[in-house]
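The file start_22.tsv contains TSV, C-alpha atoms:
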chain	number	residue	atom	x	y	z
A	1	MET	CA	-1.57	-17.75	-22.99
A	2	LYS	CA	2.07	-16.86	-23.49
A	3	PRO	CA	3.64	-13.40	-23.38
A	4	PRO	CA	5.01	-11.70	-26.49
A	5	PRO	CA	8.79	-12.02	-27.06
A	6	PHE	CA	11.08	-10.04	-24.76
A	7	ASP	CA	14.75	-9.75	-23.89
A	8	TYR	CA	15.79	-10.82	-20.41
A	9	TYR	CA	18.55	-9.35	-18.23
A	10	ARG	CA	19.62	-10.47	-14.78
A	11	PRO	CA	21.88	-7.77	-13.34
A	12	GLN	CA	24.09	-8.54	-10.36
A	13	THR	CA	24.16	-5.02	-8.88
A	14	ILE	CA	21.67	-2.21	-8.49
A	15	GLU	CA	23.97	0.03	-10.53
A	16	GLU	CA	23.77	-2.41	-13.43
A	17	ALA	CA	19.97	-2.53	-13.15
A	18	LEU	CA	19.73	1.26	-13.12
A	19	SER	CA	22.01	1.48	-16.14
A	20	LEU	CA	19.71	-0.90	-18.05
A	21	LEU	CA	16.65	1.11	-17.06
A	22	GLY	CA	18.34	4.31	-18.17
A	23	GLU	CA	19.32	2.76	-21.48
A	24	HIS	CA	15.99	1.19	-22.41
A	25	GLY	CA	13.48	3.54	-20.75
A	26	TYR	CA	9.80	2.81	-21.33
A	27	ASP	CA	10.53	-0.46	-23.13
A	28	ALA	CA	11.99	-2.02	-19.96
A	29	LYS	CA	10.19	-3.35	-16.91
A	30	PRO	CA	11.74	-4.41	-13.58
A	31	LEU	CA	10.83	-7.93	-12.48
A	32	ALA	CA	10.46	-8.38	-8.72
A	33	GLY	CA	8.22	-11.21	-7.51
A	34	GLY	CA	6.38	-11.37	-10.83
A	35	GLN	CA	3.05	-12.22	-9.22
A	36	SER	CA	1.30	-9.36	-11.02
A	37	LEU	CA	3.55	-8.59	-13.98
A	38	ILE	CA	3.79	-12.10	-15.45
A	39	PRO	CA	0.00	-12.70	-15.55
A	40	MET	CA	-0.45	-9.28	-17.16
A	41	MET	CA	2.14	-10.20	-19.79
A	42	ASN	CA	0.46	-13.54	-20.42
A	43	PHE	CA	-2.83	-11.74	-21.10
A	44	ARG	CA	-1.02	-9.12	-23.23
A	45	LEU	CA	-2.08	-6.36	-20.82
A	46	ALA	CA	1.61	-5.49	-20.45
A	47	GLN	CA	4.10	-5.97	-23.28
A	48	PRO	CA	7.56	-4.84	-22.21
A	49	GLY	CA	10.31	-5.56	-24.68
A	50	ILE	CA	12.84	-6.05	-21.89
A	51	LEU	CA	12.61	-7.60	-18.44
A	52	ILE	CA	15.19	-6.65	-15.83
A	53	ASP	CA	15.21	-9.30	-13.13
A	54	LEU	CA	16.04	-7.85	-9.71
A	55	ASN	CA	16.14	-11.14	-7.83
A	56	ASN	CA	19.91	-11.58	-7.94
A	57	ILE	CA	20.76	-8.13	-6.56
A	58	PRO	CA	21.96	-8.05	-2.94
A	59	GLY	CA	20.96	-5.19	-0.71
A	60	LEU	CA	17.36	-4.75	-1.86
A	61	SER	CA	15.87	-7.16	0.69
A	62	PHE	CA	15.99	-6.05	4.33
A	63	ILE	CA	13.92	-4.92	7.32
A	64	GLU	CA	15.82	-2.50	9.54
A	65	PRO	CA	14.97	-0.13	12.40
A	66	ASP	CA	15.01	3.57	11.72
A	67	GLU	CA	16.86	5.74	14.24
A	68	ASN	CA	13.67	7.77	14.84
A	69	GLY	CA	11.56	4.76	15.81
A	70	GLY	CA	10.30	3.81	12.37
A	71	VAL	CA	11.27	0.98	10.04
A	72	ARG	CA	12.97	0.68	6.66
A	73	ILE	CA	11.89	-2.04	4.25
A	74	GLY	CA	13.84	-2.99	1.14
A	75	ALA	CA	11.77	-3.13	-2.02
A	76	MET	CA	12.64	-6.78	-2.73
A	77	THR	CA	11.65	-8.01	0.74
A	78	ARG	CA	9.16	-10.87	0.34
A	79	HIS	CA	5.69	-10.47	1.79
A	80	HIS	CA	6.14	-13.49	4.04
A	81	GLN	CA	9.29	-11.94	5.52
A	82	VAL	CA	7.36	-8.80	6.45
A	83	GLU	CA	4.45	-10.89	7.73
A	84	LYS	CA	6.65	-12.81	10.20
A	85	ASN	CA	9.00	-10.03	11.29
A	86	PRO	CA	8.81	-8.95	14.98
A	87	LEU	CA	10.15	-5.47	14.20
A	88	ILE	CA	7.20	-4.89	11.87
A	89	ALA	CA	4.81	-6.11	14.58
A	90	GLU	CA	6.37	-3.71	17.07
A	91	ARG	CA	6.91	-0.59	14.99
A	92	ALA	CA	4.38	-0.88	12.15
A	93	PRO	CA	1.45	-2.93	13.50
A	94	LEU	CA	-0.88	-1.70	10.74
A	95	ILE	CA	1.42	-3.30	8.15
A	96	TYR	CA	1.67	-6.43	10.30
A	97	GLU	CA	-2.13	-6.64	10.41
A	98	ALA	CA	-2.44	-6.14	6.66
A	99	MET	CA	0.02	-8.80	5.50
A	100	PRO	CA	-2.10	-11.97	6.01
A	101	ASN	CA	-4.83	-10.39	3.86
A	102	ILE	CA	-2.56	-10.19	0.81
A	103	ALA	CA	-3.47	-13.00	-1.58
A	104	THR	CA	-2.43	-16.52	-0.49
A	105	SER	CA	0.57	-17.78	1.44
A	106	GLN	CA	2.05	-19.14	-1.80
A	107	ILE	CA	1.91	-15.72	-3.43
A	108	ARG	CA	3.23	-14.03	-0.29
A	109	SER	CA	6.25	-16.34	-0.39
A	110	ARG	CA	7.23	-14.88	-3.76
A	111	GLY	CA	5.64	-11.44	-4.02
A	112	THR	CA	7.61	-8.42	-2.81
A	113	PHE	CA	6.74	-5.46	-0.64
A	114	GLY	CA	8.07	-2.91	-3.12
A	115	GLY	CA	6.62	-4.73	-6.09
A	116	SER	CA	3.11	-4.45	-4.70
A	117	ILE	CA	3.54	-0.73	-4.07
A	118	ALA	CA	5.12	0.00	-7.46
A	119	HIS	CA	2.35	-1.95	-9.22
A	120	ALA	CA	-0.16	0.52	-7.69
A	121	ASP	CA	-3.19	-1.74	-7.88
A	122	PRO	CA	-6.08	0.31	-6.37
A	123	SER	CA	-7.28	-2.83	-4.58
A	124	ALA	CA	-3.92	-3.50	-2.89
A	125	GLU	CA	-3.71	-3.28	0.89
A	126	LEU	CA	-0.14	-1.94	0.98
A	127	VAL	CA	-1.00	0.97	-1.29
A	128	ALA	CA	-3.59	2.26	1.19
A	129	VAL	CA	-1.56	1.33	4.27
A	130	SER	CA	1.53	3.20	3.07
A	131	VAL	CA	-0.56	6.37	2.66
A	132	ALA	CA	-2.25	5.94	6.05
A	133	LEU	CA	1.16	5.59	7.73
A	134	ASP	CA	2.60	8.63	5.91
A	135	GLY	CA	5.28	6.45	4.34
A	136	ARG	CA	8.00	7.64	1.98
A	137	PHE	CA	9.50	5.88	-1.01
A	138	ARG	CA	13.16	6.10	-1.98
A	139	LEU	CA	13.56	6.07	-5.75
A	140	ARG	CA	16.96	5.55	-7.36
A	141	SER	CA	18.31	6.15	-10.85
A	142	SER	CA	21.76	6.38	-12.37
A	143	SER	CA	21.69	10.14	-11.83
A	144	GLY	CA	20.78	10.06	-8.13
A	145	GLU	CA	17.91	9.39	-5.76
A	146	ARG	CA	14.86	11.11	-4.33
A	147	GLU	CA	12.22	10.48	-1.68
A	148	VAL	CA	8.54	10.75	-2.53
A	149	PRO	CA	5.72	10.82	0.06
A	150	ALA	CA	3.23	8.02	-0.35
A	151	SER	CA	0.45	10.63	-0.52
A	152	ASP	CA	1.98	11.99	-3.76
A	153	PHE	CA	3.24	8.73	-5.24
A	154	PHE	CA	0.03	7.17	-6.58
A	155	ILE	CA	-1.44	9.19	-9.44
A	156	GLY	CA	-3.89	6.75	-11.04
A	157	MET	CA	-4.78	3.14	-11.67
A	158	PHE	CA	-1.50	1.18	-11.93
A	159	THR	CA	0.25	4.54	-12.30
A	160	THR	CA	2.85	6.17	-10.06
A	161	LEU	CA	5.43	8.96	-10.11
A	162	ILE	CA	8.26	6.51	-10.87
A	163	ASP	CA	10.12	7.64	-13.98
A	164	PRO	CA	11.11	5.00	-16.56
A	165	GLU	CA	14.77	5.12	-15.50
A	166	GLU	CA	13.97	4.89	-11.77
A	167	LEU	CA	13.66	1.98	-9.39
A	168	LEU	CA	11.83	1.81	-6.07
A	169	ALA	CA	14.62	0.81	-3.71
A	170	GLU	CA	13.29	1.31	-0.20
A	171	VAL	CA	10.13	2.06	1.78
A	172	LEU	CA	10.46	4.22	4.88
A	173	ILE	CA	7.70	3.99	7.50
A	174	PRO	CA	7.91	6.58	10.29
A	175	ALA	CA	7.16	5.82	13.92
A	176	MET	CA	3.51	6.11	14.87
A	177	PRO	CA	2.76	9.05	17.17
A	178	ALA	CA	2.23	8.35	20.86
A	179	ARG	CA	-1.30	7.35	21.86
A	180	SER	CA	-2.15	5.96	18.46
A	181	GLY	CA	-4.41	3.11	17.44
A	182	TRP	CA	-4.82	1.33	14.14
A	183	ALA	CA	-7.04	-1.07	12.23
A	184	LEU	CA	-7.37	-2.64	8.80
A	185	MET	CA	-10.76	-3.90	7.69
A	186	GLU	CA	-11.83	-5.37	4.36
A	187	ILE	CA	-14.58	-7.44	2.78
A	188	ALA	CA	-14.02	-9.93	-0.05
A	189	ARG	CA	-16.36	-12.48	-1.59
A	190	ARG	CA	-13.99	-15.33	-0.79
A	191	PRO	CA	-10.88	-15.60	1.37
A	192	HIS	CA	-7.80	-14.26	-0.45
A	193	ASP	CA	-9.86	-12.58	-3.20
A	194	PHE	CA	-9.31	-8.91	-3.94
A	195	ALA	CA	-11.32	-6.80	-1.52
A	196	LEU	CA	-14.64	-5.33	-2.61
A	197	VAL	CA	-13.84	-2.52	-0.17
A	198	GLY	CA	-11.12	-2.04	2.42
A	199	VAL	CA	-9.96	0.67	4.82
A	200	ALA	CA	-6.73	1.38	6.69
A	201	ALA	CA	-7.30	3.49	9.80
A	202	LEU	CA	-4.88	5.31	12.08
A	203	VAL	CA	-6.03	7.53	14.97
A	204	THR	CA	-4.16	9.58	17.58
A	205	LEU	CA	-5.57	11.02	20.80
A	206	ASP	CA	-4.31	13.98	22.81
A	207	ASP	CA	-3.91	14.14	26.60
A	208	GLN	CA	-7.62	14.90	27.02
A	209	ASP	CA	-8.61	11.86	24.96
A	210	ARG	CA	-9.75	14.03	22.08
A	211	CYS	CA	-9.01	13.06	18.53
A	212	GLN	CA	-5.79	14.75	17.48
A	213	GLN	CA	-5.38	13.08	14.11
A	214	THR	CA	-7.31	10.62	11.96
A	215	ARG	CA	-6.29	8.93	8.74
A	216	LEU	CA	-8.80	6.83	6.85
A	217	VAL	CA	-7.54	5.49	3.53
A	218	TYR	CA	-9.70	3.22	1.35
A	219	PHE	CA	-8.85	0.69	-1.33
A	220	SER	CA	-11.04	-0.80	-4.07
A	221	VAL	CA	-13.22	2.32	-4.24
A	222	GLY	CA	-11.37	4.38	-6.86
A	223	ASP	CA	-8.40	4.55	-9.22
A	224	GLY	CA	-5.99	4.65	-6.28
A	225	PRO	CA	-5.98	5.08	-2.50
A	226	VAL	CA	-8.87	7.32	-1.43
A	227	VAL	CA	-8.42	9.48	1.68
A	228	ALA	CA	-11.49	10.40	3.77
A	229	HIS	CA	-10.73	14.06	4.48
A	230	ARG	CA	-14.25	15.08	5.56
A	231	ALA	CA	-14.70	12.23	8.00
A	232	ALA	CA	-11.31	13.06	9.52
A	233	GLU	CA	-12.29	16.72	9.87
A	234	MET	CA	-15.46	15.73	11.71
A	235	LEU	CA	-13.43	13.78	14.29
A	236	GLN	CA	-10.74	16.45	14.75
A	237	GLY	CA	-10.64	17.79	18.32
A	238	GLN	CA	-13.63	15.72	19.44
A	239	LEU	CA	-14.12	12.95	21.97
A	240	PRO	CA	-14.61	9.74	19.95
A	241	THR	CA	-18.10	8.88	21.18
A	242	PRO	CA	-20.15	6.11	19.56
A	243	GLU	CA	-22.44	8.75	18.04
A	244	LEU	CA	-19.52	10.66	16.53
A	245	ILE	CA	-18.00	7.47	15.09
A	246	ARG	CA	-21.32	6.59	13.44
A	247	SER	CA	-21.58	10.08	11.98
A	248	ALA	CA	-18.00	9.97	10.66
A	249	ALA	CA	-18.68	6.62	9.01
A	250	GLU	CA	-21.77	8.08	7.35
A	251	ILE	CA	-19.83	11.09	6.07
A	252	ALA	CA	-17.08	8.85	4.71
A	253	ALA	CA	-19.61	6.78	2.76
A	254	THR	CA	-21.58	9.72	1.37
A	255	ASP	CA	-18.99	12.49	0.89
A	256	ASP	CA	-15.48	11.02	0.80
A	257	VAL	CA	-15.81	8.16	-1.68
A	258	ASP	CA	-17.38	7.84	-5.10
A	259	PRO	CA	-17.10	4.14	-5.97
A	260	SER	CA	-18.10	2.75	-9.32
A	261	SER	CA	-20.17	-0.34	-10.10
A	262	ASP	CA	-18.70	-3.45	-11.72
A	263	ILE	CA	-19.43	-7.16	-12.01
A	264	HIS	CA	-18.38	-7.68	-8.38
A	265	ALA	CA	-20.42	-5.00	-6.58
A	266	SER	CA	-22.64	-2.01	-7.22
A	267	SER	CA	-21.71	1.52	-6.23
A	268	ALA	CA	-24.48	1.53	-3.59
A	269	PHE	CA	-23.20	-1.70	-2.06
A	270	ARG	CA	-19.65	-0.37	-1.91
A	271	ARG	CA	-20.89	2.76	-0.13
A	272	HIS	CA	-22.66	0.53	2.37
A	273	LEU	CA	-19.44	-1.40	2.93
A	274	VAL	CA	-17.49	1.84	3.38
A	275	LYS	CA	-19.90	2.92	6.10
A	276	THR	CA	-19.82	-0.44	7.87
A	277	LEU	CA	-16.06	-0.96	7.67
A	278	THR	CA	-15.29	2.63	8.70
A	279	HIS	CA	-17.42	2.23	11.80
A	280	ARG	CA	-15.70	-1.04	12.72
A	281	ALA	CA	-12.21	0.25	11.94
A	282	LEU	CA	-12.62	3.42	13.99
A	283	GLU	CA	-14.02	1.51	16.97
A	284	THR	CA	-11.10	-0.92	16.85
A	285	ALA	CA	-8.49	1.80	16.35
A	286	PHE	CA	-9.73	3.91	19.27
A	287	GLN	CA	-9.88	0.84	21.51
A	288	ARG	CA	-6.22	0.10	20.73
A	289	VAL	CA	-4.95	3.52	21.86
A	290	ASN	CA	-2.89	3.15	25.03
Now that the file is in, can you turn its structure into structure tokens?
Amino acid sequence: MKPPPFDYYRPQTIEEALSLLGEHGYDAKPLAGGQSLIPMMNFRLAQPGILIDLNNIPGLSFIEPDENGGVRIGAMTRHHQVEKNPLIAERAPLIYEAMPNIATSQIRSRGTFGGSIAHADPSAELVAVSVALDGRFRLRSSSGEREVPASDFFIGMFTTLIDPEELLAEVLIPAMPARSGWALMEIARRPHDFALVGVAALVTLDDQDRCQQTRLVYFSVGDGPVVAHRAAEMLQGQLPTPELIRSAAEIAATDDVDPSSDIHASSAFRRHLVKTLTHRALETAFQRVN
């Protein structure tokens, strides 16, 4: 299929792109890697009247250290650049672990870090990972800029807090706390398929090896990233024994998620996967604490 007619702009500066977004509002759509938008247009699931191509704008693709130990990632940075970057491996190992799971290498060579986040697919790894890492998103418009926590950014399926005249310019990932461990687990029917269920886990231990903080964020189980608050509360202040980890995984599957059934998996099967993957992710994350 072919998309409906649209006007095409290729701005040379971010200011020009923001001006176009401000002028055309809801009728305009930024084009980053195009790996999600173009197929949606071809199937008439998205019908923007104007495409604003961001690929010729300098300054939107970068990976830089943050002065507080975190990392800053430009929205137009390609997935494969993040996947191969040693700074990501050092400062954001959960992102580094997630990248090879995103689609295929061909798609990762074109798709962008910010594009995946702005698309807000509830089955996307980076959506869940950004919440687990307490990331922040820098949004720009012609009238200024603002930072939005990842926990507030995703408000529904393919829906975010980005206003029509705004552009996601940068992702800020803070440094992980000391004595932290991480894991990303997912199950798909075939390699590179969308996950039936996935979880991003981040744990932090105190000086007595008790659980100081736990973040469990799931993808493919709701209309957006789903945070397991009750499972995290069960682990808080406790020694992470095998029995406690099993109990937390059970609570996550029964109380924290409410997955729906579709042609790919039933609700009951997704709950089973949540329990299994949570158990594996927590074991791995606690083992990685140093």
With a distance cut-off of 7 Å and all atoms listed in the file, select the neighbouring residues of range 234-237 of chain A, excluding the residue or stretch itself and same-chain residues fewer than 4 positions from it, and output the selection as a PDB file with C-alpha atoms, in the frame of the given file.
ATOM      1  CA  ARG A 210      -9.750  14.030  22.080  1.00  0.00           C
ATOM      2  CA  CYS A 211      -9.010  13.060  18.530  1.00  0.00           C
ATOM      3  CA  GLN A 212      -5.790  14.750  17.480  1.00  0.00           C
ATOM      4  CA  GLN A 213      -5.380  13.080  14.110  1.00  0.00           C
ATOM      5  CA  ARG A 230     -14.250  15.080   5.560  1.00  0.00           C
ATOM      6  CA  ALA A 248     -18.000   9.970  10.660  1.00  0.00           C
TER       7      ALA A 248
END
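The nearest approach to Leu18 in chain A among the residues A:Gly115, A:Pro5, A:Gly144, A:His79, with only C-alpha atoms taken into account, belongs to A:Gly144.
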If you measure from CA of Val227 in chain A to CA of Pro86 in chain A, what distance in Å do you get, rounded to one decimal?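 Atom-to-atom, CA of Val227 in chain A to CA of Pro86 in chain A, that is 28.5 Å.
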Counting all atoms listed in the file, select every polymer residue within 8 Å of (16.4, -0.7, -0.3) as defined in the file's coordinates, and provide the selection as a VMD selection string. chain A and resid 59 to 62 72 to 76 138 168 to 171
So which residues touch Ala265 in chain A within 10 Å, counting only C-alpha atoms, skipping near sequence neighbours fewer than 4 positions away, as a PyMOL selection string? chain A and resi 189+196-197+259-261+269-270
Just C-alpha atoms for this one: save the residues we selected as a PDB file, keeping the file's coordinate frame.
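Once everything was written out, this is part.pdb:
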ATOM      1  CA  ARG A 189     -16.360 -12.480  -1.590  1.00  0.00           C
ATOM      2  CA  LEU A 196     -14.640  -5.330  -2.610  1.00  0.00           C
ATOM      3  CA  VAL A 197     -13.840  -2.520  -0.170  1.00  0.00           C
ATOM      4  CA  PRO A 259     -17.100   4.140  -5.970  1.00  0.00           C
ATOM      5  CA  SER A 260     -18.100   2.750  -9.320  1.00  0.00           C
ATOM      6  CA  SER A 261     -20.170  -0.340 -10.100  1.00  0.00           C
ATOM      7  CA  PHE A 269     -23.200  -1.700  -2.060  1.00  0.00           C
ATOM      8  CA  ARG A 270     -19.650  -0.370  -1.910  1.00  0.00           C
TER       9      ARG A 270
END
Hey, what's within 12 Å of Ala46 in chain A if we count all atoms listed in the file and toss same-chain stuff fewer than 2 positions away? As a PDB file with C-alpha atoms, in the coordinates of the input, please?
ATOM      1  CA  LYS A   2       2.070 -16.860 -23.490  1.00  0.00           C
ATOM      2  CA  PRO A   3       3.640 -13.400 -23.380  1.00  0.00           C
ATOM      3  CA  PRO A   4       5.010 -11.700 -26.490  1.00  0.00           C
ATOM      4  CA  PRO A   5       8.790 -12.020 -27.060  1.00  0.00           C
ATOM      5  CA  PHE A   6      11.080 -10.040 -24.760  1.00  0.00           C
ATOM      6  CA  TYR A  26       9.800   2.810 -21.330  1.00  0.00           C
ATOM      7  CA  ASP A  27      10.530  -0.460 -23.130  1.00  0.00           C
ATOM      8  CA  ALA A  28      11.990  -2.020 -19.960  1.00  0.00           C
ATOM      9  CA  LYS A  29      10.190  -3.350 -16.910  1.00  0.00           C
ATOM     10  CA  SER A  36       1.300  -9.360 -11.020  1.00  0.00           C
ATOM     11  CA  LEU A  37       3.550  -8.590 -13.980  1.00  0.00           C
ATOM     12  CA  ILE A  38       3.790 -12.100 -15.450  1.00  0.00           C
ATOM     13  CA  PRO A  39       0.000 -12.700 -15.550  1.00  0.00           C
ATOM     14  CA  MET A  40      -0.450  -9.280 -17.160  1.00  0.00           C
ATOM     15  CA  MET A  41       2.140 -10.200 -19.790  1.00  0.00           C
ATOM     16  CA  ASN A  42       0.460 -13.540 -20.420  1.00  0.00           C
ATOM     17  CA  PHE A  43      -2.830 -11.740 -21.100  1.00  0.00           C
ATOM     18  CA  ARG A  44      -1.020  -9.120 -23.230  1.00  0.00           C
ATOM     19  CA  PRO A  48       7.560  -4.840 -22.210  1.00  0.00           C
ATOM     20  CA  GLY A  49      10.310  -5.560 -24.680  1.00  0.00           C
ATOM     21  CA  ILE A  50      12.840  -6.050 -21.890  1.00  0.00           C
ATOM     22  CA  LEU A  51      12.610  -7.600 -18.440  1.00  0.00           C
ATOM     23  CA  HIS A 119       2.350  -1.950  -9.220  1.00  0.00           C
ATOM     24  CA  PHE A 158      -1.500   1.180 -11.930  1.00  0.00           C
TER      25      PHE A 158
END
Work out how far CA of Leu94 in chain A is from CA of Thr204 in chain A, in Å to one decimal.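 We find that CA of Thr204 in chain A and CA of Leu94 in chain A lie 13.6 Å from each other.
Nearest to Arg288 in chain A of all the residues A:Leu202, A:Ala120, A:Val257, A:Asn55 is A:Leu202, based on only C-alpha atoms.
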Met176 in chain A surroundings by all atoms listed in the file, 8 Å radius, close-in-sequence under 2 positions cut, as a list in words: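 Residues near the query, excluding close chain neighbours: Gly70, Arg91, Ala92, Leu133, Pro174, Ala178 and Ser180 of chain A.
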Keeping only C-alpha atoms, take the residues you just selected and write them out as an mmCIF file, in the frame of the given file.
data_model
loop_
_atom_site.group_PDB
_atom_site.id
_atom_site.type_symbol
_atom_site.label_atom_id
_atom_site.label_comp_id
_atom_site.auth_asym_id
_atom_site.auth_seq_id
_atom_site.Cartn_x
_atom_site.Cartn_y
_atom_site.Cartn_z
ATOM 1 C CA GLY A 70 10.300 3.810 12.370
ATOM 2 C CA ARG A 91 6.910 -0.590 14.990
ATOM 3 C CA ALA A 92 4.380 -0.880 12.150
ATOM 4 C CA LEU A 133 1.160 5.590 7.730
ATOM 5 C CA PRO A 174 7.910 6.580 10.290
ATOM 6 C CA ALA A 178 2.230 8.350 20.860
ATOM 7 C CA SER A 180 -2.150 5.960 18.460
#
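Pairwise distance (CA of Pro93 in chain A, CA of Asp258 in chain A) equals 28.6 Å.
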With all atoms listed in the file as the atoms that count, which of A:Asp206, A:Leu172, A:Gly25, A:Ala124 lies nearest to Ile63 in chain A?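 Of A:Asp206, A:Leu172, A:Gly25, A:Ala124, the one nearest Ile63 in chain A is A:Leu172, counting all atoms listed in the file.
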Give the answer as one residue: which of A:Gln238, A:Gln81, A:Thr104, A:Thr13 has the shortest atom-to-atom distance to His192 in chain A, using all atoms listed in the file? A:Thr104
Which polymer residues, protein or nucleic acid, are no farther than 12 Å from (-15.3, 8.2, 22.6), counting all atoms listed in the file, as JSON, numbers by chain? {"A": [205, 208, 209, 210, 211, 235, 237, 238, 239, 240, 241, 242, 243, 244, 245, 246, 282, 283, 284, 285, 286, 287, 289]}
Selection export as a PDB file, keeping the file's coordinate frame, atoms kept: C-alpha atoms:
ATOM      1  CA  LEU A 205      -5.570  11.020  20.800  1.00  0.00           C
ATOM      2  CA  GLN A 208      -7.620  14.900  27.020  1.00  0.00           C
ATOM      3  CA  ASP A 209      -8.610  11.860  24.960  1.00  0.00           C
ATOM      4  CA  ARG A 210      -9.750  14.030  22.080  1.00  0.00           C
ATOM      5  CA  CYS A 211      -9.010  13.060  18.530  1.00  0.00           C
ATOM      6  CA  LEU A 235     -13.430  13.780  14.290  1.00  0.00           C
ATOM      7  CA  GLY A 237     -10.640  17.790  18.320  1.00  0.00           C
ATOM      8  CA  GLN A 238     -13.630  15.720  19.440  1.00  0.00           C
ATOM      9  CA  LEU A 239     -14.120  12.950  21.970  1.00  0.00           C
ATOM     10  CA  PRO A 240     -14.610   9.740  19.950  1.00  0.00           C
ATOM     11  CA  THR A 241     -18.100   8.880  21.180  1.00  0.00           C
ATOM     12  CA  PRO A 242     -20.150   6.110  19.560  1.00  0.00           C
ATOM     13  CA  GLU A 243     -22.440   8.750  18.040  1.00  0.00           C
ATOM     14  CA  LEU A 244     -19.520  10.660  16.530  1.00  0.00           C
ATOM     15  CA  ILE A 245     -18.000   7.470  15.090  1.00  0.00           C
ATOM     16  CA  ARG A 246     -21.320   6.590  13.440  1.00  0.00           C
ATOM     17  CA  LEU A 282     -12.620   3.420  13.990  1.00  0.00           C
ATOM     18  CA  GLU A 283     -14.020   1.510  16.970  1.00  0.00           C
ATOM     19  CA  THR A 284     -11.100  -0.920  16.850  1.00  0.00           C
ATOM     20  CA  ALA A 285      -8.490   1.800  16.350  1.00  0.00           C
ATOM     21  CA  PHE A 286      -9.730   3.910  19.270  1.00  0.00           C
ATOM     22  CA  GLN A 287      -9.880   0.840  21.510  1.00  0.00           C
ATOM     23  CA  VAL A 289      -4.950   3.520  21.860  1.00  0.00           C
TER      24      VAL A 289
END
